[in-house]
$ cat model-v7.csv   # CSV, C-alpha atoms
chain,number,residue,atom,x,y,z
A,1,MET,CA,60.6,-36.6,43.9
A,2,LYS,CA,60.4,-33.7,46.4
A,3,LEU,CA,62.1,-34.2,49.7
A,4,PRO,CA,59.9,-34.3,52.8
A,5,PHE,CA,60.0,-31.3,55.0
A,6,SER,CA,62.2,-33.0,57.7
A,7,GLU,CA,64.9,-33.7,55.0
A,8,LYS,CA,64.6,-30.3,53.4
A,9,ILE,CA,65.1,-28.7,56.8
A,10,LYS,CA,68.4,-30.5,57.2
A,11,GLN,CA,69.6,-28.9,54.0
A,12,ILE,CA,68.5,-25.4,55.1
A,13,PHE,CA,70.4,-25.8,58.3
A,14,GLY,CA,73.6,-26.6,56.4
A,15,LEU,CA,77.0,-26.0,57.9
A,16,GLY,CA,77.6,-22.4,58.7
A,17,LYS,CA,74.1,-21.3,57.6
A,18,LYS,CA,73.1,-18.0,59.1
A,19,ILE,CA,69.6,-17.5,60.6
A,20,ASP,CA,68.8,-14.5,58.4
A,21,THR,CA,66.1,-13.3,56.0
A,22,GLU,CA,67.3,-15.7,53.3
A,23,PHE,CA,67.1,-18.6,55.7
A,24,PHE,CA,63.5,-17.8,56.6
A,25,ASP,CA,62.6,-17.5,52.9
A,26,GLU,CA,64.0,-21.0,52.4
A,27,LEU,CA,62.0,-22.2,55.4
A,28,THR,CA,58.8,-20.8,53.8
A,29,ASP,CA,59.6,-22.6,50.6
A,30,ALA,CA,60.2,-25.8,52.5
A,31,LEU,CA,56.9,-25.6,54.3
A,32,ILE,CA,55.0,-25.1,51.0
A,33,GLU,CA,56.8,-28.1,49.5
A,34,GLY,CA,55.9,-30.0,52.6
A,35,ASP,CA,52.2,-29.4,51.7
A,36,VAL,CA,51.5,-26.7,54.2
A,37,GLY,CA,49.5,-24.1,52.1
A,38,ALA,CA,51.3,-21.0,51.0
A,39,LYS,CA,49.1,-18.7,53.2
A,40,THR,CA,49.7,-20.8,56.3
A,41,ALA,CA,53.4,-21.2,55.5
A,42,PHE,CA,54.0,-17.4,55.2
A,43,GLU,CA,52.1,-16.7,58.4
A,44,LEU,CA,54.0,-19.4,60.4
A,45,VAL,CA,57.4,-18.2,59.2
A,46,GLU,CA,56.6,-14.6,59.7
A,47,SER,CA,55.7,-15.3,63.4
A,48,ALA,CA,58.7,-17.6,63.8
A,49,GLU,CA,61.1,-15.0,62.4
A,50,LYS,CA,59.7,-12.3,64.7
A,51,ILE,CA,60.0,-14.6,67.8
A,52,CYS,CA,63.6,-15.7,66.9
A,53,ARG,CA,64.7,-12.1,66.4
A,54,GLU,CA,63.1,-10.9,69.7
A,55,LYS,CA,64.6,-13.8,71.6
A,56,ASN,CA,67.9,-13.8,69.7
A,57,ILE,CA,67.4,-17.5,68.8
A,58,THR,CA,70.1,-18.8,66.5
A,59,GLU,CA,70.3,-22.6,67.1
A,60,LYS,CA,68.6,-25.0,64.7
A,61,ASN,CA,66.7,-27.0,67.3
A,62,ASP,CA,65.5,-23.8,69.0
A,63,VAL,CA,64.1,-22.4,65.7
A,64,LEU,CA,62.3,-25.7,65.1
A,65,LEU,CA,60.9,-25.6,68.6
A,66,VAL,CA,59.5,-22.1,68.0
A,67,LEU,CA,57.9,-23.4,64.8
A,68,LYS,CA,56.5,-26.4,66.6
A,69,ASP,CA,54.9,-24.2,69.2
A,70,LEU,CA,53.3,-22.2,66.4
A,71,ILE,CA,52.0,-25.3,64.5
A,72,LEU,CA,50.7,-27.4,67.4
A,73,PRO,CA,47.5,-25.3,68.1
A,74,TYR,CA,46.4,-26.1,64.5
A,75,VAL,CA,46.9,-29.8,64.7
A,76,LYS,CA,44.2,-31.1,67.0
A,77,PHE,CA,43.4,-34.7,68.0
A,78,ILE,CA,39.8,-35.8,68.5
A,79,PRO,CA,39.0,-39.1,70.3
A,80,LEU,CA,36.2,-41.0,68.7
A,81,GLN,CA,34.8,-43.6,71.1
A,82,PRO,CA,31.3,-45.1,70.8
A,83,GLU,CA,29.3,-45.1,74.0
A,84,ALA,CA,28.3,-48.5,75.3
A,85,GLY,CA,24.5,-49.2,75.0
A,86,LYS,CA,24.0,-46.4,72.4
A,87,THR,CA,23.7,-46.4,68.6
A,88,SER,CA,26.6,-44.6,67.0
A,89,VAL,CA,26.8,-43.8,63.3
A,90,TYR,CA,30.1,-42.7,61.8
A,91,LEU,CA,29.7,-41.6,58.2
A,92,VAL,CA,33.0,-42.1,56.4
A,93,LEU,CA,33.5,-39.6,53.5
A,94,GLY,CA,36.2,-39.1,50.9
A,95,VAL,CA,36.9,-39.1,47.2
A,96,ASN,CA,37.6,-42.3,45.4
A,97,GLY,CA,41.2,-43.4,45.6
A,98,VAL,CA,42.1,-42.1,49.0
A,99,GLY,CA,41.7,-45.5,50.7
A,100,LYS,CA,38.3,-44.8,52.2
A,101,THR,CA,36.8,-48.3,52.0
A,102,THR,CA,40.0,-49.8,53.4
A,103,SER,CA,40.0,-47.2,56.2
A,104,VAL,CA,36.4,-48.2,57.1
A,105,ALA,CA,37.6,-51.8,57.5
A,106,LYS,CA,40.7,-50.7,59.5
A,107,MET,CA,38.5,-48.6,61.9
A,108,ALA,CA,36.0,-51.5,62.2
A,109,LEU,CA,38.7,-53.9,63.3
A,110,HIS,CA,40.1,-51.3,65.6
A,111,TYR,CA,36.8,-50.8,67.3
A,112,LYS,CA,36.0,-54.5,67.4
A,113,ASN,CA,39.3,-55.2,69.0
A,114,SER,CA,38.8,-52.3,71.4
A,115,GLY,CA,35.6,-54.0,72.7
A,116,THR,CA,32.9,-52.0,70.9
A,117,GLN,CA,30.0,-54.4,70.7
A,118,ASN,CA,28.0,-54.8,67.4
A,119,THR,CA,30.4,-53.0,65.1
A,120,VAL,CA,28.9,-53.1,61.6
A,121,MET,CA,30.1,-51.8,58.3
A,122,ALA,CA,27.4,-50.3,56.0
A,123,ALA,CA,28.0,-50.4,52.2
A,124,ALA,CA,26.5,-47.0,51.4
A,125,ASP,CA,28.5,-46.5,48.3
A,126,THR,CA,25.9,-48.2,46.2
A,127,PHE,CA,27.0,-46.5,43.0
A,128,ARG,CA,29.8,-48.9,42.5
A,129,ALA,CA,29.2,-52.6,42.7
A,130,ALA,CA,32.9,-53.1,43.2
A,131,ALA,CA,32.7,-50.9,46.4
A,132,ILE,CA,30.0,-53.2,47.9
A,133,GLU,CA,32.0,-56.3,47.0
A,134,GLN,CA,35.2,-54.8,48.4
A,135,LEU,CA,33.5,-54.1,51.7
A,136,GLN,CA,32.1,-57.6,51.8
A,137,ILE,CA,35.6,-59.0,51.4
A,138,HIS,CA,36.9,-56.8,54.2
A,139,GLY,CA,34.0,-58.1,56.3
A,140,GLU,CA,35.0,-61.7,55.7
A,141,ARG,CA,38.6,-61.0,56.5
A,142,THR,CA,38.0,-58.9,59.7
A,143,GLY,CA,35.0,-60.8,61.0
A,144,VAL,CA,32.9,-57.6,61.0
A,145,ARG,CA,29.3,-57.8,59.7
A,146,VAL,CA,28.4,-55.9,56.6
A,147,VAL,CA,25.0,-54.5,55.8
A,148,PHE,CA,24.4,-54.0,52.1
A,149,HIS,CA,21.7,-53.6,49.4
A,150,GLN,CA,22.0,-54.3,45.7
A,151,SER,CA,24.0,-52.0,43.5
A,152,GLY,CA,22.1,-48.8,42.6
A,153,ALA,CA,20.0,-48.9,45.8
A,154,ASP,CA,19.3,-45.8,47.9
A,155,PRO,CA,22.5,-45.4,50.1
A,156,SER,CA,20.5,-43.7,52.9
A,157,ALA,CA,18.3,-46.9,53.1
A,158,VAL,CA,21.5,-49.0,53.8
A,159,VAL,CA,22.5,-46.7,56.6
A,160,PHE,CA,18.9,-46.8,58.0
A,161,ASP,CA,18.9,-50.6,58.0
A,162,ALA,CA,22.4,-50.8,59.5
A,163,ALA,CA,21.5,-48.4,62.3
A,164,GLU,CA,18.2,-50.3,63.0
A,165,SER,CA,20.0,-53.6,63.2
A,166,VAL,CA,22.6,-52.2,65.7
A,167,ARG,CA,19.8,-50.6,67.8
A,168,SER,CA,17.9,-53.9,67.9
A,169,HIS,CA,21.0,-55.6,69.4
A,170,GLY,CA,21.3,-53.1,72.2
A,171,GLY,CA,23.5,-50.5,70.5
A,172,GLY,CA,26.8,-50.4,68.8
A,173,LEU,CA,28.6,-48.7,65.9
A,174,VAL,CA,27.8,-48.3,62.3
A,175,LEU,CA,30.7,-47.4,60.0
A,176,ALA,CA,29.1,-46.3,56.7
A,177,ASP,CA,31.2,-46.3,53.5
A,178,THR,CA,29.9,-43.6,51.1
A,179,ALA,CA,30.5,-42.6,47.5
A,180,GLY,CA,33.1,-40.0,46.5
A,181,ARG,CA,32.4,-38.9,43.0
A,182,LEU,CA,33.5,-35.3,43.1
A,183,HIS,CA,33.4,-34.9,39.4
A,184,ASN,CA,29.6,-35.1,39.8
A,185,LYS,CA,29.6,-32.7,42.8
A,186,GLU,CA,26.0,-31.6,42.8
A,187,ASN,CA,24.6,-35.1,42.8
A,188,LEU,CA,27.1,-36.2,45.4
A,189,VAL,CA,26.2,-33.3,47.7
A,190,ARG,CA,22.5,-34.0,47.4
A,191,GLU,CA,23.1,-37.7,48.1
A,192,LEU,CA,25.3,-37.0,51.1
A,193,GLN,CA,22.8,-34.6,52.5
A,194,LYS,CA,20.1,-37.2,52.4
A,195,ILE,CA,22.3,-39.8,54.1
A,196,ASP,CA,23.3,-37.1,56.6
A,197,ARG,CA,19.6,-36.5,57.6
A,198,VAL,CA,18.9,-40.3,58.0
A,199,ALA,CA,22.1,-41.0,59.9
A,200,ARG,CA,21.5,-38.0,62.3
A,201,GLN,CA,17.9,-39.3,63.0
A,202,LYS,CA,19.0,-42.9,63.6
A,203,ALA,CA,22.0,-42.2,65.9
A,204,ASP,CA,21.6,-41.4,69.5
A,205,GLU,CA,22.2,-37.9,70.6
A,206,GLY,CA,25.9,-37.0,70.4
A,207,CYS,CA,26.7,-40.3,68.7
A,208,TYR,CA,26.8,-39.2,65.1
A,209,LYS,CA,30.1,-38.2,63.5
A,210,LYS,CA,31.2,-37.4,59.9
A,211,ILE,CA,34.8,-38.6,59.2
A,212,LEU,CA,36.7,-37.5,56.1
A,213,VAL,CA,39.5,-39.7,54.7
A,214,ILE,CA,42.3,-37.8,53.0
A,215,ASP,CA,45.4,-39.0,51.3
A,216,GLY,CA,48.5,-37.6,53.1
A,217,THR,CA,50.4,-37.4,49.9
A,218,THR,CA,48.0,-35.3,47.9
A,219,GLY,CA,48.7,-32.0,49.5
A,220,GLN,CA,46.5,-29.0,48.7
A,221,ASN,CA,44.1,-31.3,46.8
A,222,ALA,CA,43.2,-32.8,50.1
A,223,LEU,CA,42.5,-29.4,51.6
A,224,ARG,CA,40.2,-28.6,48.7
A,225,GLN,CA,38.4,-32.0,49.2
A,226,ALA,CA,38.0,-31.2,52.9
A,227,GLU,CA,36.5,-27.8,51.9
A,228,VAL,CA,33.9,-29.5,49.6
A,229,PHE,CA,32.8,-32.1,52.1
A,230,ASN,CA,32.8,-29.7,55.0
A,231,GLU,CA,30.6,-27.3,53.1
A,232,ALA,CA,28.2,-30.1,52.0
A,233,VAL,CA,27.6,-31.9,55.3
A,234,GLY,CA,30.2,-30.7,57.9
A,235,VAL,CA,33.2,-32.7,58.9
A,236,ASP,CA,34.0,-33.7,62.5
A,237,ALA,CA,37.3,-35.5,62.1
A,238,ILE,CA,40.0,-36.5,59.6
A,239,VAL,CA,41.6,-39.9,58.9
A,240,LEU,CA,45.0,-39.3,57.3
A,241,THR,CA,46.0,-42.2,55.0
A,242,LYS,CA,49.2,-43.2,53.2
A,243,TYR,CA,51.2,-41.4,55.8
A,244,ASP,CA,54.7,-42.6,56.6
A,245,SER,CA,58.1,-41.1,57.5
A,246,THR,CA,58.8,-40.2,53.9
A,247,ALA,CA,55.4,-38.5,53.3
A,248,LYS,CA,55.2,-34.7,53.1
A,249,GLY,CA,52.2,-34.7,55.4
A,250,GLY,CA,51.8,-31.0,56.1
A,251,VAL,CA,48.2,-31.1,54.9
A,252,ALA,CA,46.9,-31.8,58.4
A,253,ILE,CA,48.3,-28.5,59.4
A,254,SER,CA,46.5,-26.6,56.6
A,255,VAL,CA,43.2,-28.5,57.2
A,256,GLY,CA,43.5,-27.7,60.9
A,257,LYS,CA,44.3,-24.0,60.5
A,258,GLU,CA,41.9,-23.3,57.6
A,259,LEU,CA,38.9,-25.4,58.6
A,260,GLY,CA,39.5,-26.2,62.3
A,261,ILE,CA,39.0,-30.0,61.7
A,262,PRO,CA,40.9,-32.3,64.1
A,263,VAL,CA,42.5,-35.7,63.2
A,264,ALA,CA,41.2,-38.9,64.7
A,265,PHE,CA,43.3,-41.6,63.0
A,266,ILE,CA,46.5,-42.0,61.0
A,267,CYS,CA,47.1,-44.9,58.6
A,268,THR,CA,50.7,-45.9,57.8
A,269,GLY,CA,50.3,-49.0,55.6
A,270,GLU,CA,48.0,-51.4,53.8
A,271,THR,CA,47.3,-54.0,56.5
A,272,TYR,CA,44.3,-53.8,58.8
A,273,LYS,CA,46.5,-53.1,61.7
A,274,ASP,CA,48.3,-50.1,60.1
A,275,ILE,CA,46.0,-47.6,61.8
A,276,GLY,CA,46.7,-45.7,65.0
A,277,VAL,CA,45.1,-43.0,67.1
A,278,PHE,CA,46.5,-39.7,66.1
A,279,ASP,CA,49.1,-38.1,68.3
A,280,SER,CA,49.6,-34.3,67.6
A,281,ASP,CA,52.9,-34.1,69.3
A,282,SER,CA,54.4,-37.1,67.5
A,283,TYR,CA,53.1,-35.9,64.2
A,284,VAL,CA,54.6,-32.4,64.5
A,285,ASN,CA,57.9,-33.8,65.8
A,286,GLU,CA,58.1,-36.2,62.8
A,287,PHE,CA,57.1,-33.5,60.3
A,288,LEU,CA,59.8,-31.1,61.6
A,289,GLY,CA,62.4,-33.9,62.1
A,290,LEU,CA,62.7,-33.2,65.8
$ encode --input "model-v7.csv" --output "structure tokens"
Amino acid sequence: MKLPFSEKIKQIFGLGKKIDTEFFDELTDALIEGDVGAKTAFELVESAEKICREKNITEKNDVLLVLKDLILPYVKFIPLQPEAGKTSVYLVLGVNGVGKTTSVAKMALHYKNSGTQNTVMAAADTFRAAAIEQLQIHGERTGVRVVFHQSGADPSAVVFDAAESVRSHGGGLVLADTAGRLHNKENLVRELQKIDRVARQKADEGCYKKILVIDGTTGQNALRQAEVFNEAVGVDAIVLTKYDSTAKGGVAISVGKELGIPVAFICTGETYKDIGVFDSDSYVNEFLGL
């Protein structure tokens, strides 16, 4: 198993290690292993090396602080807060296996506990009967209502009904779980674009968001997934799942730099409470081992 970047960095800064060209080469390799894309890693280290030489920086912590200052602009936080009295629709995207349906449930409970009235989960992954059943189980466990149709139904109709229901109750939030069959990309894109049109029409102005769930351990695959979904319907925010202190986690840096997509939530475990509002500073500090 590859070491996370924060552990790898400790090895690079071994006893008596000089801050020289070889050191910066190793730093580039460590960033790439930490799931920061090669292009981004080379650019970051090139800038860091230039600054360190100009300012004669030779201490480990100072080098890392330079790197932190370079990384932070790419790792943005976006607050997602539904407006009271309005109908908000959050379309939750992602490939199968990233923890998308569980993330919908975690977000639903987060918003319910935060005081958002009429939080509803919409089972818009109608392709898999198991996905509908899974969301229903989450609904029972969290006490959040689930709007669903039978397996094989039109997913955009599920989103339509969920939004209508929320609106009829004076506003609230629809969190829509969607399919993620990337192996059938063209059909998926067409399906998502139809849901996108319906969701945009049903949400109040400024209250529609598209949220992509990515697995923090899958590295550059997650970046490619973000590219596909962003190209298909546009992505407003990221939820980073399966992230803990041992995860490599650098993918949020790549997604931020390459696509400009900010992060809304970070999930650190499997229970419904293992979700937190993203903190850019803490994330970068943890990644660098500061």
$ closest_residue --input "model-v7.csv" --among "A:Asn61, A:Gln136, A:Asn96, A:Thr87" --to "Ala199 of chain A" --atoms "all atoms listed in the file"
A:Thr87
$ atom_distance --input "model-v7.csv" --atom1 "atom CA of Phe24 of chain A" --atom2 "atom CA of Ser47 of chain A"
10.6 Å
$ atom_distance --input "model-v7.csv" --atom1 "atom CA of Pro73 of chain A" --atom2 "atom CA of Ile261 of chain A"
11.6 Å
$ closest_residue --input "model-v7.csv" --among "A:Val239, A:Lys106, A:Gly94, A:Val63" --to "Glu227 of chain A" --atoms "only C-alpha atoms"
A:Gly94
$ atom_distance --input "model-v7.csv" --atom1 "atom CA of Glu286 of chain A" --atom2 "atom CA of Tyr243 of chain A"
11.1 Å
$ residues_around --input "model-v7.csv" --residues "Gln225 of chain A" --least-positions-apart "2" --cutoff "8 Å" --atoms "all atoms listed in the file" --output "list in words"
Gly94, Val95, Ile214, Asn221, Ala222, Leu223, Glu227, Val228 and Phe229 of chain A
$ residues_around --input "model-v7.csv" --residues "Asp125 of chain A" --least-positions-apart "4" --cutoff "7 Å" --atoms "only C-alpha atoms" --output "tab-separated table (two decimals) with C-alpha atoms, in the coordinates of the input"
chain	number	residue	atom	x	y	z
A	131	ALA	CA	32.70	-50.90	46.40
A	132	ILE	CA	30.00	-53.20	47.90
A	155	PRO	CA	22.50	-45.40	50.10
A	177	ASP	CA	31.20	-46.30	53.50
A	178	THR	CA	29.90	-43.60	51.10
A	179	ALA	CA	30.50	-42.60	47.50
$ closest_residue --input "model-v7.csv" --among "A:Gly34, A:Gly269, A:Gly115, A:Gly206" --to "Leu288 of chain A" --atoms "only C-alpha atoms"
A:Gly34
$ closest_residue --input "model-v7.csv" --among "A:Gln193, A:Thr102, A:Gln201, A:Ser6" --to "Thr142 of chain A" --atoms "only C-alpha atoms"
A:Thr102
$ residues_around --input "model-v7.csv" --residues "Val146 of chain A" --least-positions-apart "2" --cutoff "10 Å" --atoms "only C-alpha atoms" --output "NGL selection string"
:A and (119-123 or 132 or 135-140 or 143-144 or 148 or 162 or 174-176)
$ closest_residue --input "model-v7.csv" --among "A:Gln117, A:Thr58, A:Thr40, A:Gln220" --to "Lys18 of chain A" --atoms "only C-alpha atoms"
A:Thr58
$ closest_residue --input "model-v7.csv" --among "A:Arg53, A:Lys100, A:Lys76, A:Arg128" --to "Val263 of chain A" --atoms "all atoms listed in the file"
A:Lys76
$ residues_around --input "model-v7.csv" --residues "Ile9 of chain A" --least-positions-apart "6" --cutoff "8 Å" --atoms "all atoms listed in the file" --output "VMD selection string"
chain A and resid 27 30 288 to 289
$ decode --input "model-v7.csv" --residues "segment 63-83 of chain A" --atoms "N, CA, C and O atoms" --output "mmCIF file, in the first residue's frame"
data_model
loop_
_atom_site.group_PDB
_atom_site.id
_atom_site.type_symbol
_atom_site.label_atom_id
_atom_site.label_comp_id
_atom_site.auth_asym_id
_atom_site.auth_seq_id
_atom_site.Cartn_x
_atom_site.Cartn_y
_atom_site.Cartn_z
ATOM 1 N N VAL A 63 9.084 25.118 3.911
ATOM 2 C CA VAL A 63 8.846 24.611 2.555
ATOM 3 C C VAL A 63 7.389 24.181 2.415
ATOM 4 O O VAL A 63 6.725 24.480 1.417
ATOM 5 N N LEU A 64 6.895 23.491 3.436
ATOM 6 C CA LEU A 64 5.502 23.026 3.392
ATOM 7 C C LEU A 64 4.517 24.193 3.420
ATOM 8 O O LEU A 64 3.464 24.133 2.783
ATOM 9 N N LEU A 65 4.855 25.242 4.140
ATOM 10 C CA LEU A 65 3.982 26.424 4.171
ATOM 11 C C LEU A 65 3.929 27.111 2.808
ATOM 12 O O LEU A 65 2.885 27.623 2.399
ATOM 13 N N VAL A 66 5.073 27.109 2.110
ATOM 14 C CA VAL A 66 5.096 27.640 0.739
ATOM 15 C C VAL A 66 4.166 26.806 -0.141
ATOM 16 O O VAL A 66 3.359 27.337 -0.914
ATOM 17 N N LEU A 67 4.274 25.487 0.002
ATOM 18 C CA LEU A 67 3.434 24.566 -0.782
ATOM 19 C C LEU A 67 1.961 24.761 -0.436
ATOM 20 O O LEU A 67 1.091 24.769 -1.320
ATOM 21 N N LYS A 68 1.693 24.955 0.841
ATOM 22 C CA LYS A 68 0.304 25.181 1.275
ATOM 23 C C LYS A 68 -0.277 26.439 0.622
ATOM 24 O O LYS A 68 -1.411 26.423 0.122
ATOM 25 N N ASP A 69 0.494 27.508 0.613
ATOM 26 C CA ASP A 69 0.035 28.767 0.006
ATOM 27 C C ASP A 69 -0.257 28.599 -1.489
ATOM 28 O O ASP A 69 -1.132 29.272 -2.034
ATOM 29 N N LEU A 70 0.495 27.695 -2.135
ATOM 30 C CA LEU A 70 0.287 27.449 -3.564
ATOM 31 C C LEU A 70 -0.940 26.574 -3.818
ATOM 32 O O LEU A 70 -1.632 26.727 -4.821
ATOM 33 N N ILE A 71 -1.210 25.646 -2.888
ATOM 34 C CA ILE A 71 -2.327 24.701 -3.052
ATOM 35 C C ILE A 71 -3.673 25.322 -2.696
ATOM 36 O O ILE A 71 -4.672 25.098 -3.393
ATOM 37 N N LEU A 72 -3.695 26.113 -1.631
ATOM 38 C CA LEU A 72 -4.970 26.632 -1.095
ATOM 39 C C LEU A 72 -5.899 27.295 -2.125
ATOM 40 O O LEU A 72 -7.109 27.074 -2.079
ATOM 41 N N PRO A 73 -5.373 28.095 -3.058
ATOM 42 C CA PRO A 73 -6.281 28.736 -4.026
ATOM 43 C C PRO A 73 -7.069 27.744 -4.879
ATOM 44 O O PRO A 73 -8.116 28.086 -5.427
ATOM 45 N N TYR A 74 -6.561 26.510 -5.000
ATOM 46 C CA TYR A 74 -7.249 25.512 -5.824
ATOM 47 C C TYR A 74 -8.299 24.728 -5.047
ATOM 48 O O TYR A 74 -9.148 24.066 -5.636
ATOM 49 N N VAL A 75 -8.206 24.763 -3.719
ATOM 50 C CA VAL A 75 -9.106 23.952 -2.882
ATOM 51 C C VAL A 75 -10.138 24.875 -2.251
ATOM 52 O O VAL A 75 -9.928 25.440 -1.185
ATOM 53 N N LYS A 76 -11.243 25.038 -2.948
ATOM 54 C CA LYS A 76 -12.275 25.982 -2.512
ATOM 55 C C LYS A 76 -13.415 25.268 -1.782
ATOM 56 O O LYS A 76 -13.741 24.128 -2.094
ATOM 57 N N PHE A 77 -14.028 25.979 -0.854
ATOM 58 C CA PHE A 77 -15.218 25.500 -0.157
ATOM 59 C C PHE A 77 -16.439 26.231 -0.692
ATOM 60 O O PHE A 77 -16.378 27.429 -0.970
ATOM 61 N N ILE A 78 -17.537 25.505 -0.872
ATOM 62 C CA ILE A 78 -18.795 26.145 -1.260
ATOM 63 C C ILE A 78 -19.870 25.787 -0.230
ATOM 64 O O ILE A 78 -20.123 24.606 0.022
ATOM 65 N N PRO A 79 -20.483 26.781 0.400
ATOM 66 C CA PRO A 79 -21.577 26.481 1.339
ATOM 67 C C PRO A 79 -22.866 26.201 0.570
ATOM 68 O O PRO A 79 -23.228 26.956 -0.331
ATOM 69 N N LEU A 80 -23.515 25.104 0.884
ATOM 70 C CA LEU A 80 -24.798 24.769 0.255
ATOM 71 C C LEU A 80 -25.880 24.835 1.319
ATOM 72 O O LEU A 80 -25.995 23.937 2.152
ATOM 73 N N GLN A 81 -26.638 25.911 1.307
ATOM 74 C CA GLN A 81 -27.670 26.109 2.320
ATOM 75 C C GLN A 81 -28.998 26.465 1.664
ATOM 76 O O GLN A 81 -29.127 27.548 1.074
ATOM 77 N N PRO A 82 -29.976 25.553 1.738
ATOM 78 C CA PRO A 82 -31.289 25.852 1.144
ATOM 79 C C PRO A 82 -31.932 27.074 1.782
ATOM 80 O O PRO A 82 -31.802 27.297 2.996
ATOM 81 N N GLU A 83 -32.615 27.872 0.950
ATOM 82 C CA GLU A 83 -33.307 29.063 1.452
ATOM 83 C C GLU A 83 -34.680 28.690 1.983
ATOM 84 O O GLU A 83 -35.436 27.970 1.315
#
